[in-house]
file run_16.cif (mmCIF, C-alpha atoms)
data_data
#
loop_
_atom_site.label_atom_id
_atom_site.label_comp_id
_atom_site.auth_asym_id
_atom_site.auth_seq_id
_atom_site.Cartn_x
_atom_site.Cartn_y
_atom_site.Cartn_z
CA GLY A 1 -10.02 5.19 -18.72
CA ASN A 2 -10.95 6.75 -22.08
CA GLU A 3 -10.41 4.14 -24.82
CA ALA A 4 -11.25 6.54 -27.69
CA LEU A 5 -8.72 9.09 -26.45
CA GLN A 6 -6.06 6.37 -26.00
CA THR A 7 -6.57 5.30 -29.62
CA GLU A 8 -6.28 8.92 -30.77
CA TYR A 9 -3.02 9.37 -28.86
CA ARG A 10 -1.58 6.15 -30.32
CA ASN A 11 -2.51 7.17 -33.85
CA THR A 12 -0.73 10.50 -33.30
CA LEU A 13 2.41 8.89 -31.85
CA LYS A 14 2.67 6.02 -34.37
CA PRO A 15 4.02 8.07 -37.32
CA PHE A 16 6.39 9.94 -34.98
CA TYR A 17 8.03 6.67 -33.95
CA GLY A 18 7.96 5.51 -37.57
CA VAL A 19 10.13 8.49 -38.54
CA LEU A 20 12.58 7.59 -35.75
CA LYS A 21 12.95 4.11 -37.28
CA THR A 22 13.71 5.46 -40.78
CA MET A 23 16.35 7.83 -39.33
CA ASP A 24 18.05 5.30 -37.08
CA GLY A 25 21.28 5.57 -39.10
CA SER A 26 21.58 9.14 -37.82
CA ILE A 27 20.79 8.34 -34.18
CA LYS A 28 23.69 7.21 -31.99
CA PHE A 29 21.63 6.85 -28.80
CA GLY A 30 17.99 7.37 -27.92
CA MET A 31 16.17 6.65 -24.69
CA LEU A 32 12.42 6.66 -24.14
CA THR A 33 11.11 6.83 -20.58
CA GLY A 34 7.62 6.85 -19.16
CA VAL A 35 5.30 5.16 -16.71
CA THR A 36 3.15 2.62 -18.49
CA LYS A 37 4.08 0.02 -21.08
CA PHE A 38 3.30 0.46 -24.73
CA GLY A 39 5.78 -2.07 -26.12
CA LYS A 40 3.10 -4.58 -27.11
CA VAL A 41 0.68 -2.22 -28.85
CA SER A 42 0.57 -1.03 -32.42
CA VAL A 43 1.98 2.38 -31.53
CA PHE A 44 5.47 0.82 -31.65
CA SER A 45 4.94 -1.50 -34.62
CA ASP A 46 6.99 0.91 -36.76
CA LEU A 47 9.75 0.97 -34.15
CA ASN A 48 10.34 -2.71 -33.49
CA ASN A 49 14.06 -2.47 -32.73
CA LEU A 50 13.62 -1.08 -29.22
CA ASP A 51 15.42 -2.80 -26.35
CA ASP A 52 13.15 -2.69 -23.29
CA ILE A 53 15.51 -2.38 -20.29
CA SER A 54 12.79 -1.95 -17.64
CA MET A 55 13.56 -5.30 -15.98
CA ARG A 56 17.20 -5.82 -17.02
CA GLU A 57 19.82 -6.29 -14.31
CA PRO A 58 22.60 -4.02 -15.72
CA TYR A 59 20.23 -1.04 -15.49
CA VAL A 60 18.64 -1.52 -12.04
CA GLY A 61 20.27 1.63 -10.62
CA ILE A 62 19.55 3.95 -13.52
CA CYS A 63 16.45 5.62 -12.03
CA GLY A 64 17.43 6.07 -8.40
CA MET A 65 20.23 5.92 -5.84
CA THR A 66 21.84 2.98 -4.10
CA GLU A 67 22.79 3.08 -0.42
CA LYS A 68 26.49 3.19 -1.40
CA GLU A 69 25.91 6.19 -3.68
CA ILE A 70 24.19 8.05 -0.84
CA HIS A 71 27.06 7.41 1.60
CA ASP A 72 29.72 8.17 -1.04
CA ASN A 73 28.20 11.46 -2.18
CA LEU A 74 25.84 12.76 0.51
CA ASP A 75 27.54 11.95 3.80
CA LEU A 76 27.67 15.61 4.86
CA GLU A 77 23.94 15.95 4.15
CA LEU A 78 23.25 12.83 6.22
CA HIS A 79 24.98 14.40 9.23
CA GLU A 80 23.15 17.70 8.70
CA LEU A 81 19.79 15.90 8.52
CA ALA A 82 20.58 13.95 11.72
CA ALA A 83 21.47 17.19 13.53
CA ALA A 84 18.33 18.95 12.27
CA ARG A 85 16.05 16.08 13.36
CA LYS A 86 17.96 15.66 16.67
CA ILE A 87 18.60 11.95 16.08
CA THR A 88 21.80 9.94 15.58
CA TYR A 89 23.51 9.37 12.24
CA GLU A 90 22.56 5.66 12.42
CA GLU A 91 18.91 6.53 13.15
CA VAL A 92 18.71 8.93 10.21
CA CYS A 93 20.14 6.28 7.84
CA ALA A 94 17.61 3.70 9.10
CA LYS A 95 14.72 6.16 8.72
CA LEU A 96 15.75 7.10 5.16
CA LYS A 97 15.82 3.40 4.32
CA GLU A 98 12.39 2.80 5.85
CA TYR A 99 10.78 5.77 4.06
CA TYR A 100 12.43 5.88 0.63
CA ASP A 101 14.37 2.67 -0.16
CA GLY A 102 13.02 -0.61 -1.51
CA TYR A 103 12.47 -0.25 -5.27
CA HIS A 104 13.49 -3.37 -7.20
CA PHE A 105 13.25 -3.44 -10.98
CA VAL A 106 14.76 -6.94 -11.11
CA GLU A 107 14.55 -9.77 -8.59
CA ASN A 108 17.38 -10.34 -6.09
CA THR A 109 19.05 -6.97 -6.69
CA GLU A 110 20.00 -4.09 -4.43
CA GLY A 111 17.20 -1.78 -3.30
CA ILE A 112 16.98 1.63 -4.96
CA TYR A 113 16.09 4.84 -3.12
CA ASN A 114 13.54 7.26 -4.55
CA PRO A 115 15.77 10.19 -5.63
CA PHE A 116 12.99 12.81 -5.62
CA SER A 117 11.99 12.12 -2.01
CA LEU A 118 15.58 11.71 -0.88
CA LEU A 119 16.80 15.03 -2.31
CA ASN A 120 13.78 16.91 -0.97
CA THR A 121 14.41 15.42 2.48
CA PHE A 122 17.96 16.79 2.36
CA LYS A 123 16.75 20.11 0.92
CA TYR A 124 14.28 20.75 3.73
CA ASN A 125 15.94 18.60 6.44
CA LYS A 126 12.57 17.00 7.07
CA PHE A 127 10.97 13.63 6.28
CA GLY A 128 7.86 13.90 4.10
CA SER A 129 5.77 12.24 1.38
CA TYR A 130 7.46 14.21 -1.38
CA TRP A 131 7.06 11.77 -4.27
CA PHE A 132 3.60 10.56 -3.29
CA GLU A 133 2.26 14.11 -3.18
CA THR A 134 3.45 14.89 -6.74
CA GLY A 135 0.47 12.98 -8.14
CA THR A 136 -2.73 11.44 -6.84
CA PRO A 137 -3.50 7.86 -7.95
CA THR A 138 -7.25 8.40 -8.40
CA TYR A 139 -7.35 6.31 -11.58
CA LEU A 140 -5.64 3.39 -9.80
CA VAL A 141 -8.11 3.45 -6.90
CA GLU A 142 -11.08 3.53 -9.29
CA LEU A 143 -9.51 0.54 -11.07
CA LEU A 144 -9.22 -1.36 -7.76
CA LYS A 145 -12.84 -0.62 -6.90
CA ARG A 146 -14.13 -1.52 -10.35
CA ASN A 147 -12.36 -4.87 -10.13
CA HIS A 148 -13.63 -5.48 -6.54
CA TYR A 149 -10.02 -5.95 -5.49
CA ASP A 150 -9.17 -7.31 -2.04
CA LEU A 151 -6.79 -4.61 -0.71
CA GLU A 152 -5.03 -7.00 1.66
CA ARG A 153 -3.68 -8.88 -1.39
CA MET A 154 -1.71 -5.87 -2.57
CA ALA A 155 1.03 -6.30 0.04
CA HIS A 156 1.80 -9.86 -1.18
CA GLU A 157 0.42 -10.04 -4.72
CA GLU A 158 1.93 -12.80 -6.90
CA THR A 159 2.13 -12.57 -10.68
CA ASP A 160 4.39 -13.34 -13.64
CA ALA A 161 6.54 -11.26 -16.01
CA ASP A 162 3.87 -11.22 -18.75
CA VAL A 163 1.43 -9.48 -16.41
CA LEU A 164 4.05 -7.02 -15.13
CA ASN A 165 4.98 -6.10 -18.70
CA SER A 166 1.45 -5.93 -20.06
CA ILE A 167 -0.17 -2.68 -21.11
CA TYR A 168 -2.67 -1.31 -18.66
CA GLY A 169 -6.33 -2.02 -18.97
CA ASP A 170 -9.51 -2.17 -16.99
CA ASP A 171 -9.32 -5.95 -16.65
CA GLN A 172 -6.36 -6.06 -14.25
CA PRO A 173 -5.12 -3.26 -11.98
CA ILE A 174 -1.76 -4.81 -11.02
CA PRO A 175 0.33 -3.92 -14.15
CA VAL A 176 -0.39 -0.20 -13.96
CA ILE A 177 0.04 -0.12 -10.15
CA PHE A 178 3.42 -1.85 -10.52
CA GLN A 179 4.54 0.25 -13.49
CA SER A 180 3.65 3.51 -11.75
CA GLY A 181 5.73 2.67 -8.67
CA TYR A 182 3.13 1.90 -5.98
CA LEU A 183 4.23 -1.75 -5.92
CA THR A 184 7.66 -3.25 -6.51
CA ILE A 185 9.33 -6.68 -6.68
CA LYS A 186 9.79 -8.18 -3.21
CA GLY A 187 10.61 -11.79 -4.11
CA TYR A 188 10.88 -14.24 -6.99
CA ASP A 189 10.09 -17.95 -7.35
CA GLU A 190 12.47 -19.06 -10.09
CA ARG A 191 10.89 -22.50 -10.43
CA PHE A 192 7.48 -21.11 -11.41
CA GLY A 193 8.60 -17.71 -12.72
CA LEU A 194 6.40 -15.88 -10.22
CA TYR A 195 7.10 -12.44 -8.77
CA ARG A 196 5.90 -11.44 -5.31
CA LEU A 197 4.99 -7.76 -5.15
CA GLY A 198 4.65 -5.36 -2.25
CA TYR A 199 4.90 -1.71 -1.27
CA PRO A 200 8.47 -0.43 -1.73
CA ASN A 201 8.63 1.68 1.43
CA ARG A 202 6.69 3.51 4.13
CA GLU A 203 6.18 6.70 2.09
CA VAL A 204 4.31 4.81 -0.62
CA GLU A 205 2.45 2.39 1.66
CA GLU A 206 1.23 4.99 4.14
CA GLY A 207 0.46 7.56 1.44
CA PHE A 208 -1.47 5.11 -0.71
CA ILE A 209 -3.56 3.68 2.15
CA LYS A 210 -4.37 7.16 3.47
CA PHE A 211 -5.45 8.09 -0.04
CA LEU A 212 -7.77 5.06 -0.18
CA MET A 213 -9.88 5.98 2.84
CA PRO A 214 -12.20 8.61 1.28
CA PHE A 215 -12.96 6.18 -1.57
CA TYR A 216 -14.11 3.44 0.82
CA THR A 217 -15.67 5.44 3.68
CA ARG A 218 -17.70 8.62 4.09
CA PHE A 219 -14.74 10.55 5.53
CA ASN A 220 -12.78 13.00 3.40
CA LYS A 221 -8.99 13.36 3.46
CA GLN A 222 -8.89 15.89 6.31
CA GLU A 223 -11.44 14.04 8.47
CA SER A 224 -9.68 10.68 7.98
CA ALA A 225 -6.42 11.96 9.48
CA PHE A 226 -8.22 13.14 12.65
CA GLU A 227 -10.23 9.92 12.89
CA ILE A 228 -7.08 7.77 12.73
CA GLN A 229 -5.47 9.95 15.41
CA LYS A 230 -8.51 9.37 17.67
CA PHE A 231 -8.44 5.61 16.97
CA VAL A 232 -4.79 5.43 18.01
CA ARG A 233 -5.37 7.43 21.20
CA GLU A 234 -8.32 5.24 22.20
CA ILE A 235 -6.23 2.11 21.62
CA GLU A 236 -3.35 3.56 23.66
CA ILE A 237 -5.52 4.38 26.70
CA GLY A 238 -7.67 1.23 26.60
CA GLU A 239 -10.98 2.85 25.56
CA VAL A 240 -12.38 -0.18 23.73
CA ASP A 241 -16.02 0.91 23.55
CA ALA A 242 -15.14 4.36 22.21
CA PHE A 243 -12.92 2.70 19.61
CA PHE A 244 -15.75 0.46 18.34
CA ARG A 245 -18.31 3.26 18.33
CA ARG A 246 -15.91 5.20 16.11
CA LEU A 247 -15.44 2.13 13.91
CA GLN A 248 -19.23 1.88 13.55
CA SER A 249 -19.25 5.41 12.17
CA PHE A 250 -16.88 4.28 9.42
CA PHE A 251 -19.56 1.92 8.11
CA ALA A 252 -22.52 4.24 8.68
CA ASP A 253 -24.01 6.16 5.75
CA THR A 254 -21.82 4.40 3.20
CA PRO A 255 -23.50 4.83 -0.20
CA TYR A 256 -25.19 1.58 -1.17
CA GLU A 257 -23.58 1.53 -4.63
CA LEU A 258 -20.18 1.20 -2.93
CA ILE A 259 -21.21 -2.11 -1.37
CA LYS A 260 -21.93 -4.52 -4.21
CA ASP A 261 -19.80 -7.11 -2.42
CA LEU A 262 -20.58 -6.49 1.25
CA GLU A 263 -18.09 -8.98 2.67
CA LEU A 264 -15.21 -7.59 0.61
CA HIS A 265 -16.20 -4.00 1.39
CA TYR A 266 -16.25 -4.66 5.12
CA GLN A 267 -12.86 -6.39 4.93
CA ASN A 268 -11.39 -3.55 2.86
CA VAL A 269 -12.60 -0.86 5.30
CA LEU A 270 -11.23 -2.83 8.27
CA PHE A 271 -7.96 -3.33 6.40
CA ILE A 272 -7.58 0.41 5.68
CA VAL A 273 -8.40 1.44 9.27
CA PHE A 274 -6.16 -1.12 10.95
CA LYS A 275 -3.33 -0.65 8.47
CA LEU A 276 -3.28 3.09 9.23
CA VAL A 277 -3.56 2.47 12.99
CA GLY A 278 -0.69 0.01 12.53
CA PHE A 279 1.69 2.80 11.49
CA TYR A 280 1.48 4.06 15.08
CA VAL A 281 0.96 0.85 17.08
CA LYS A 282 1.99 -2.70 16.29
CA ALA A 283 -0.73 -4.43 14.24
CA GLU A 284 -1.15 -7.85 12.65
CA TYR A 285 -4.16 -8.34 10.39
CA HIS A 286 -5.31 -11.62 8.78
CA THR A 287 -8.33 -12.63 6.72
CA SER A 288 -9.61 -15.95 5.49
CA GLU A 289 -12.99 -17.40 4.54
CA GLY A 290 -15.15 -14.44 5.50
CA ARG A 291 -13.56 -13.74 8.86
CA VAL A 292 -10.90 -11.38 10.15
CA ASP A 293 -8.60 -11.76 13.10
CA LEU A 294 -6.47 -8.93 14.36
CA VAL A 295 -3.87 -8.24 17.03
CA LEU A 296 -3.04 -4.69 18.15
CA GLN A 297 -0.22 -4.03 20.63
CA THR A 298 0.69 -0.87 22.55
CA ASP A 299 3.02 -0.24 25.48
CA LYS A 300 0.26 -1.07 27.97
CA PHE A 301 -2.33 -3.18 26.16
CA ILE A 302 -2.75 -6.12 23.79
CA TYR A 303 -5.99 -6.50 21.84
CA VAL A 304 -6.90 -9.80 20.18
CA MET A 305 -9.97 -9.34 17.98
CA GLU A 306 -12.09 -11.65 15.86
CA PHE A 307 -14.67 -10.33 13.36
CA LYS A 308 -17.62 -12.36 12.11
CA LEU A 309 -20.06 -11.60 9.31
CA ASP A 310 -23.67 -12.55 10.16
CA GLY A 311 -22.60 -14.70 13.07
CA THR A 312 -22.57 -13.59 16.70
CA ALA A 313 -20.09 -11.73 18.89
CA GLU A 314 -20.14 -14.79 21.20
CA GLU A 315 -19.03 -17.05 18.33
CA ALA A 316 -16.21 -14.66 17.50
CA LEU A 317 -15.02 -14.65 21.12
CA GLN A 318 -15.29 -18.45 21.25
CA GLN A 319 -13.10 -18.72 18.15
CA ILE A 320 -10.36 -16.66 19.83
CA ASP A 321 -10.29 -19.25 22.63
CA GLU A 322 -10.67 -22.34 20.44
CA ARG A 323 -7.89 -21.32 18.08
CA HIS A 324 -5.67 -20.01 20.88
CA TYR A 325 -5.12 -16.61 19.25
CA ALA A 326 -4.23 -15.10 22.65
CA ARG A 327 -1.81 -17.85 23.72
CA PRO A 328 1.40 -16.01 22.62
CA PHE A 329 0.54 -13.15 25.00
CA LEU A 330 -0.56 -15.00 28.16
CA SER A 331 2.75 -14.43 29.96
CA ASP A 332 2.97 -10.79 28.84
CA ILE A 333 2.71 -8.20 31.63
CA ARG A 334 0.50 -5.95 29.48
CA LYS A 335 -3.27 -6.03 29.94
CA LEU A 336 -4.92 -8.41 27.45
CA PHE A 337 -8.31 -7.75 25.83
CA LYS A 338 -10.11 -10.49 23.88
CA ILE A 339 -12.82 -8.96 21.69
CA GLY A 340 -15.49 -10.72 19.63
CA VAL A 341 -17.22 -8.61 16.97
CA ASN A 342 -20.16 -9.37 14.70
CA PHE A 343 -20.90 -7.51 11.49
CA SER A 344 -24.48 -7.56 10.17
CA ALA A 345 -25.22 -7.75 6.44
CA LYS A 346 -28.72 -6.40 7.12
CA THR A 347 -27.60 -3.19 8.84
CA ARG A 348 -24.30 -3.09 6.91
CA ASN A 349 -22.53 -2.26 10.15
CA ILE A 350 -21.04 -3.66 13.34
CA GLU A 351 -23.99 -5.19 15.20
CA ARG A 352 -22.34 -6.04 18.55
CA TRP A 353 -19.01 -6.51 20.30
CA ILE A 354 -18.06 -8.32 23.52
CA VAL A 355 -14.90 -7.55 25.49
CA GLN A 356 -13.31 -10.07 27.84
#

call {"tool": "encode", "arguments": {"input": "run_16.cif", "output": "structure tokens"}}
result
Amino acid sequence: GNEALQTEYRNTLKPFYGVLKTMDGSIKFGMLTGVTKFGKVSVFSDLNNLDDISMREPYVGICGMTEKEIHDNLDLELHELAAARKITYEEVCAKLKEYYDGYHFVENTEGIYNPFSLLNTFKYNKFGSYWFETGTPTYLVELLKRNHYDLERMAHEETDADVLNSIYGDDQPIPVIFQSGYLTIKGYDERFGLYRLGYPNREVEEGFIKFLMPFYTRFNKQESAFEIQKFVREIEIGEVDAFFRRLQSFFADTPYELIKDLELHYQNVLFIVFKLVGFYVKAEYHTSEGRVDLVLQTDKFIYVMEFKLDGTAEEALQQIDERHYARPFLSDIRKLFKIGVNFSAKTRNIERWIVQ
């Protein structure tokens, strides 16, 4: 975020790369690696014969492991991990895929596993957020907030190659979030040249969303984990009122400067809470035109919720019926709750909820 310091760094690096160019007759092979792109800035103007292989198909596996490589070289470790976790070999393979696979540097190519997380999992025979915990993406979160970014978009952001390859800046958070590994390529529309981005795996998605909470609510990192645990337990035992009283506390005492765009702030907080709850129960979350609808499912209960901003809880409940949000669950044996919720711009909090 410090433009003057960035310029100073570039001015220091520029002559270094210039010397590399003049000595290229003596260099058989050189490889530069890093996180963010500098190919289009003046720092490399003296080294214009670089071949950027970041999004080139022959090199997709260079920075990680494929599933075949894991099975060919680490089969013994897979069995040891399964025994240590007291699960089957098939279950351990599926869990590794869910947690650490999913990086794509080029469209329509095999997923790459995060080698750092994978090797640490084998080292300690335990699943963990090994890569995520090596660095905290504070700068990225500040960038999202400064740009009033709708967090729900991140899981299905669409953009083109020019944006993905652009140098980072305060005007658009997506390039630096993609280049630093928190998003990856999930799909490609060849006709329009558009890439669909998303989280690569559970380690990154869960870690990033947990990290977001203290930036959008008054709860710190330790408190957030306990709050989410309580949310999940209340959902699992059908304590709807306790759940919404806790949700109210997430909006209470939020510093006013955080809420320049009230509607977006309220959607972002709901998104973070329900996304984290969704790692433990089944959750579907949708937003459009200033409203939110949500479905939460547990072994015993199904909750269909509609959130309004400056409407009424009655209107929210009516919309659930009019748009038949609960219809897919009418024949389900689980107990169904329909919940209308109204959020007040004046109080900057949940004003009322009705449960049916």

call {"tool": "resolve_selection", "arguments": {"input": "run_16.cif", "expression": "the PyMOL selection byres ((chain A and resi 114-117) around 8)", "output": "ChimeraX atom specification"}}
result
/A:63-65,100-101,103,112-113,118-121,128-131

call {"tool": "write_last_selection", "arguments": {"input": "run_16.cif", "atoms": "C-alpha atoms", "output": "PDB file, in the frame of the given file"}}
result
ATOM      1  CA  CYS A  63      16.450   5.620 -12.030  1.00  0.00           C
ATOM      2  CA  GLY A  64      17.430   6.070  -8.400  1.00  0.00           C
ATOM      3  CA  MET A  65      20.230   5.920  -5.840  1.00  0.00           C
ATOM      4  CA  TYR A 100      12.430   5.880   0.630  1.00  0.00           C
ATOM      5  CA  ASP A 101      14.370   2.670  -0.160  1.00  0.00           C
ATOM      6  CA  TYR A 103      12.470  -0.250  -5.270  1.00  0.00           C
ATOM      7  CA  ILE A 112      16.980   1.630  -4.960  1.00  0.00           C
ATOM      8  CA  TYR A 113      16.090   4.840  -3.120  1.00  0.00           C
ATOM      9  CA  LEU A 118      15.580  11.710  -0.880  1.00  0.00           C
ATOM     10  CA  LEU A 119      16.800  15.030  -2.310  1.00  0.00           C
ATOM     11  CA  ASN A 120      13.780  16.910  -0.970  1.00  0.00           C
ATOM     12  CA  THR A 121      14.410  15.420   2.480  1.00  0.00           C
ATOM     13  CA  GLY A 128       7.860  13.900   4.100  1.00  0.00           C
ATOM     14  CA  SER A 129       5.770  12.240   1.380  1.00  0.00           C
ATOM     15  CA  TYR A 130       7.460  14.210  -1.380  1.00  0.00           C
ATOM     16  CA  TRP A 131       7.060  11.770  -4.270  1.00  0.00           C
TER      17      TRP A 131
END

call {"tool": "residues_around", "arguments": {"input": "run_16.cif", "residues": "Val163 in chain A", "least_positions_apart": "3", "cutoff": "8 Å", "atoms": "only C-alpha atoms", "output": "NGL selection string"}}
result
:A and (159-160 or 166 or 174-175)

call {"tool": "closest_residue", "arguments": {"input": "run_16.cif", "among": "A:Leu183, A:Leu276, A:Ala326, A:Leu264", "to": "Val295 in chain A", "atoms": "only C-alpha atoms"}}
result
A:Ala326

call {"tool": "closest_atom_pairs", "arguments": {"input": "run_16.cif", "of": "range 189-293 of chain A", "to": "range 147-154 of chain A", "cutoff": "10 Å", "atoms": "only C-alpha atoms", "output": "tab-separated table"}}
result
residue	atom	partner	partner_atom	distance
A:Arg196	CA	A:Met154	CA	9.8
A:Leu197	CA	A:Met154	CA	7.4
A:Gly198	CA	A:Met154	CA	6.4
A:Tyr199	CA	A:Met154	CA	7.9
A:Ile209	CA	A:Leu151	CA	9.3
A:Leu212	CA	A:Leu151	CA	9.7
A:Ile259	CA	A:His148	CA	9.8
A:Lys260	CA	A:His148	CA	8.7
A:Asp261	CA	A:His148	CA	7.6
A:Leu264	CA	A:Asp150	CA	6.6
A:His265	CA	A:His148	CA	8.5
A:Gln267	CA	A:Asp150	CA	7.9
A:Asn268	CA	A:Leu151	CA	5.9
A:Val269	CA	A:Leu151	CA	9.2
A:Leu270	CA	A:Glu152	CA	10.0
A:Phe271	CA	A:Glu152	CA	6.7
A:Ile272	CA	A:Leu151	CA	8.2
A:Lys275	CA	A:Glu152	CA	9.5
A:Tyr285	CA	A:Glu152	CA	8.9
A:His286	CA	A:Glu152	CA	8.5
A:Thr287	CA	A:Glu152	CA	8.3

call {"tool": "resolve_selection", "arguments": {"input": "run_16.cif", "expression": "the PyMOL selection byres ((chain A and resi 213-226) around 9)", "output": "list in words"}}
result
Val141, Glu142, Lys145, Ile209, Lys210, Phe211, Leu212, Glu227, Ile228, Gln229, Lys230, Phe231, Ser249, Phe250, Phe251, Ala252, Asp253, Thr254, Pro255, Leu258, His265, Asn268, Val269, Ile272 and Val273 of chain A

call {"tool": "write_last_selection", "arguments": {"input": "run_16.cif", "atoms": "C-alpha atoms", "output": "short mmCIF file (atom, residue, chain, number, x, y, z; two decimals), in the coordinates of the input"}}
result
data_model
loop_
_atom_site.label_atom_id
_atom_site.label_comp_id
_atom_site.auth_asym_id
_atom_site.auth_seq_id
_atom_site.Cartn_x
_atom_site.Cartn_y
_atom_site.Cartn_z
CA VAL A 141 -8.11 3.45 -6.90
CA GLU A 142 -11.08 3.53 -9.29
CA LYS A 145 -12.84 -0.62 -6.90
CA ILE A 209 -3.56 3.68 2.15
CA LYS A 210 -4.37 7.16 3.47
CA PHE A 211 -5.45 8.09 -0.04
CA LEU A 212 -7.77 5.06 -0.18
CA GLU A 227 -10.23 9.92 12.89
CA ILE A 228 -7.08 7.77 12.73
CA GLN A 229 -5.47 9.95 15.41
CA LYS A 230 -8.51 9.37 17.67
CA PHE A 231 -8.44 5.61 16.97
CA SER A 249 -19.25 5.41 12.17
CA PHE A 250 -16.88 4.28 9.42
CA PHE A 251 -19.56 1.92 8.11
CA ALA A 252 -22.52 4.24 8.68
CA ASP A 253 -24.01 6.16 5.75
CA THR A 254 -21.82 4.40 3.20
CA PRO A 255 -23.50 4.83 -0.20
CA LEU A 258 -20.18 1.20 -2.93
CA HIS A 265 -16.20 -4.00 1.39
CA ASN A 268 -11.39 -3.55 2.86
CA VAL A 269 -12.60 -0.86 5.30
CA ILE A 272 -7.58 0.41 5.68
CA VAL A 273 -8.40 1.44 9.27
#

call {"tool": "atom_distance", "arguments": {"input": "run_16.cif", "atom1": "CA of Asp51 in chain A", "atom2": "CA of Phe105 in chain A"}}
result
15.5 Å

call {"tool": "resolve_selection", "arguments": {"input": "run_16.cif", "expression": "the PyMOL selection byres ((chain A and resi 99) around 8)", "output": "MDAnalysis selection string"}}
result
chainID A and resid 95:98 100:101 201:203

call {"tool": "atom_distance", "arguments": {"input": "run_16.cif", "atom1": "CA of Arg352 in chain A", "atom2": "CA of Val292 in chain A"}}
result
15.2 Å

call {"tool": "closest_residue", "arguments": {"input": "run_16.cif", "among": "A:Val60, A:Val232, A:Ile237, A:Ile185", "to": "Tyr280 in chain A", "atoms": "only C-alpha atoms"}}
result
A:Val232

call {"tool": "residues_around", "arguments": {"input": "run_16.cif", "residues": "Thr312 in chain A", "least_positions_apart": "2", "cutoff": "9 Å", "atoms": "all atoms listed in the file", "output": "list of chain:residue names"}}
result
A:Lys308, A:Leu309, A:Asp310, A:Glu314, A:Glu315, A:Ala316, A:Leu317, A:Gly340, A:Val341, A:Asn342, A:Phe343, A:Glu351, A:Arg352, A:Trp353

call {"tool": "atom_distance", "arguments": {"input": "run_16.cif", "atom1": "CA of Phe329 in chain A", "atom2": "CA of Ala313 in chain A"}}
result
21.6 Å

call {"tool": "residues_around", "arguments": {"input": "run_16.cif", "residues": "Asn108 in chain A", "least_positions_apart": "6", "cutoff": "10 Å", "atoms": "all atoms listed in the file", "output": "ChimeraX atom specification"}}
result
/A:57,185-188

call {"tool": "residues_around", "arguments": {"input": "run_16.cif", "residues": "range 334-338 of chain A", "least_positions_apart": "4", "cutoff": "12 Å", "atoms": "all atoms listed in the file", "output": "PDB file with C-alpha atoms, in the frame of the given file"}}
result
ATOM      1  CA  ILE A 235      -6.230   2.110  21.620  1.00  0.00           C
ATOM      2  CA  GLU A 236      -3.350   3.560  23.660  1.00  0.00           C
ATOM      3  CA  ILE A 237      -5.520   4.380  26.700  1.00  0.00           C
ATOM      4  CA  GLY A 238      -7.670   1.230  26.600  1.00  0.00           C
ATOM      5  CA  GLU A 239     -10.980   2.850  25.560  1.00  0.00           C
ATOM      6  CA  VAL A 240     -12.380  -0.180  23.730  1.00  0.00           C
ATOM      7  CA  ASP A 241     -16.020   0.910  23.550  1.00  0.00           C
ATOM      8  CA  ASP A 293      -8.600 -11.760  13.100  1.00  0.00           C
ATOM      9  CA  LEU A 294      -6.470  -8.930  14.360  1.00  0.00           C
ATOM     10  CA  VAL A 295      -3.870  -8.240  17.030  1.00  0.00           C
ATOM     11  CA  LEU A 296      -3.040  -4.690  18.150  1.00  0.00           C
ATOM     12  CA  GLN A 297      -0.220  -4.030  20.630  1.00  0.00           C
ATOM     13  CA  THR A 298       0.690  -0.870  22.550  1.00  0.00           C
ATOM     14  CA  ASP A 299       3.020  -0.240  25.480  1.00  0.00           C
ATOM     15  CA  LYS A 300       0.260  -1.070  27.970  1.00  0.00           C
ATOM     16  CA  PHE A 301      -2.330  -3.180  26.160  1.00  0.00           C
ATOM     17  CA  ILE A 302      -2.750  -6.120  23.790  1.00  0.00           C
ATOM     18  CA  TYR A 303      -5.990  -6.500  21.840  1.00  0.00           C
ATOM     19  CA  VAL A 304      -6.900  -9.800  20.180  1.00  0.00           C
ATOM     20  CA  MET A 305      -9.970  -9.340  17.980  1.00  0.00           C
ATOM     21  CA  GLU A 306     -12.090 -11.650  15.860  1.00  0.00           C
ATOM     22  CA  PHE A 307     -14.670 -10.330  13.360  1.00  0.00           C
ATOM     23  CA  ALA A 313     -20.090 -11.730  18.890  1.00  0.00           C
ATOM     24  CA  GLU A 314     -20.140 -14.790  21.200  1.00  0.00           C
ATOM     25  CA  ALA A 316     -16.210 -14.660  17.500  1.00  0.00           C
ATOM     26  CA  LEU A 317     -15.020 -14.650  21.120  1.00  0.00           C
ATOM     27  CA  GLN A 318     -15.290 -18.450  21.250  1.00  0.00           C
ATOM     28  CA  GLN A 319     -13.100 -18.720  18.150  1.00  0.00           C
ATOM     29  CA  ILE A 320     -10.360 -16.660  19.830  1.00  0.00           C
ATOM     30  CA  ASP A 321     -10.290 -19.250  22.630  1.00  0.00           C
ATOM     31  CA  HIS A 324      -5.670 -20.010  20.880  1.00  0.00           C
ATOM     32  CA  TYR A 325      -5.120 -16.610  19.250  1.00  0.00           C
ATOM     33  CA  ALA A 326      -4.230 -15.100  22.650  1.00  0.00           C
ATOM     34  CA  ARG A 327      -1.810 -17.850  23.720  1.00  0.00           C
ATOM     35  CA  PRO A 328       1.400 -16.010  22.620  1.00  0.00           C
ATOM     36  CA  PHE A 329       0.540 -13.150  25.000  1.00  0.00           C
ATOM     37  CA  LEU A 330      -0.560 -15.000  28.160  1.00  0.00           C
ATOM     38  CA  TRP A 353     -19.010  -6.510  20.300  1.00  0.00           C
ATOM     39  CA  ILE A 354     -18.060  -8.320  23.520  1.00  0.00           C
ATOM     40  CA  VAL A 355     -14.900  -7.550  25.490  1.00  0.00           C
ATOM     41  CA  GLN A 356     -13.310 -10.070  27.840  1.00  0.00           C
TER      42      GLN A 356
END
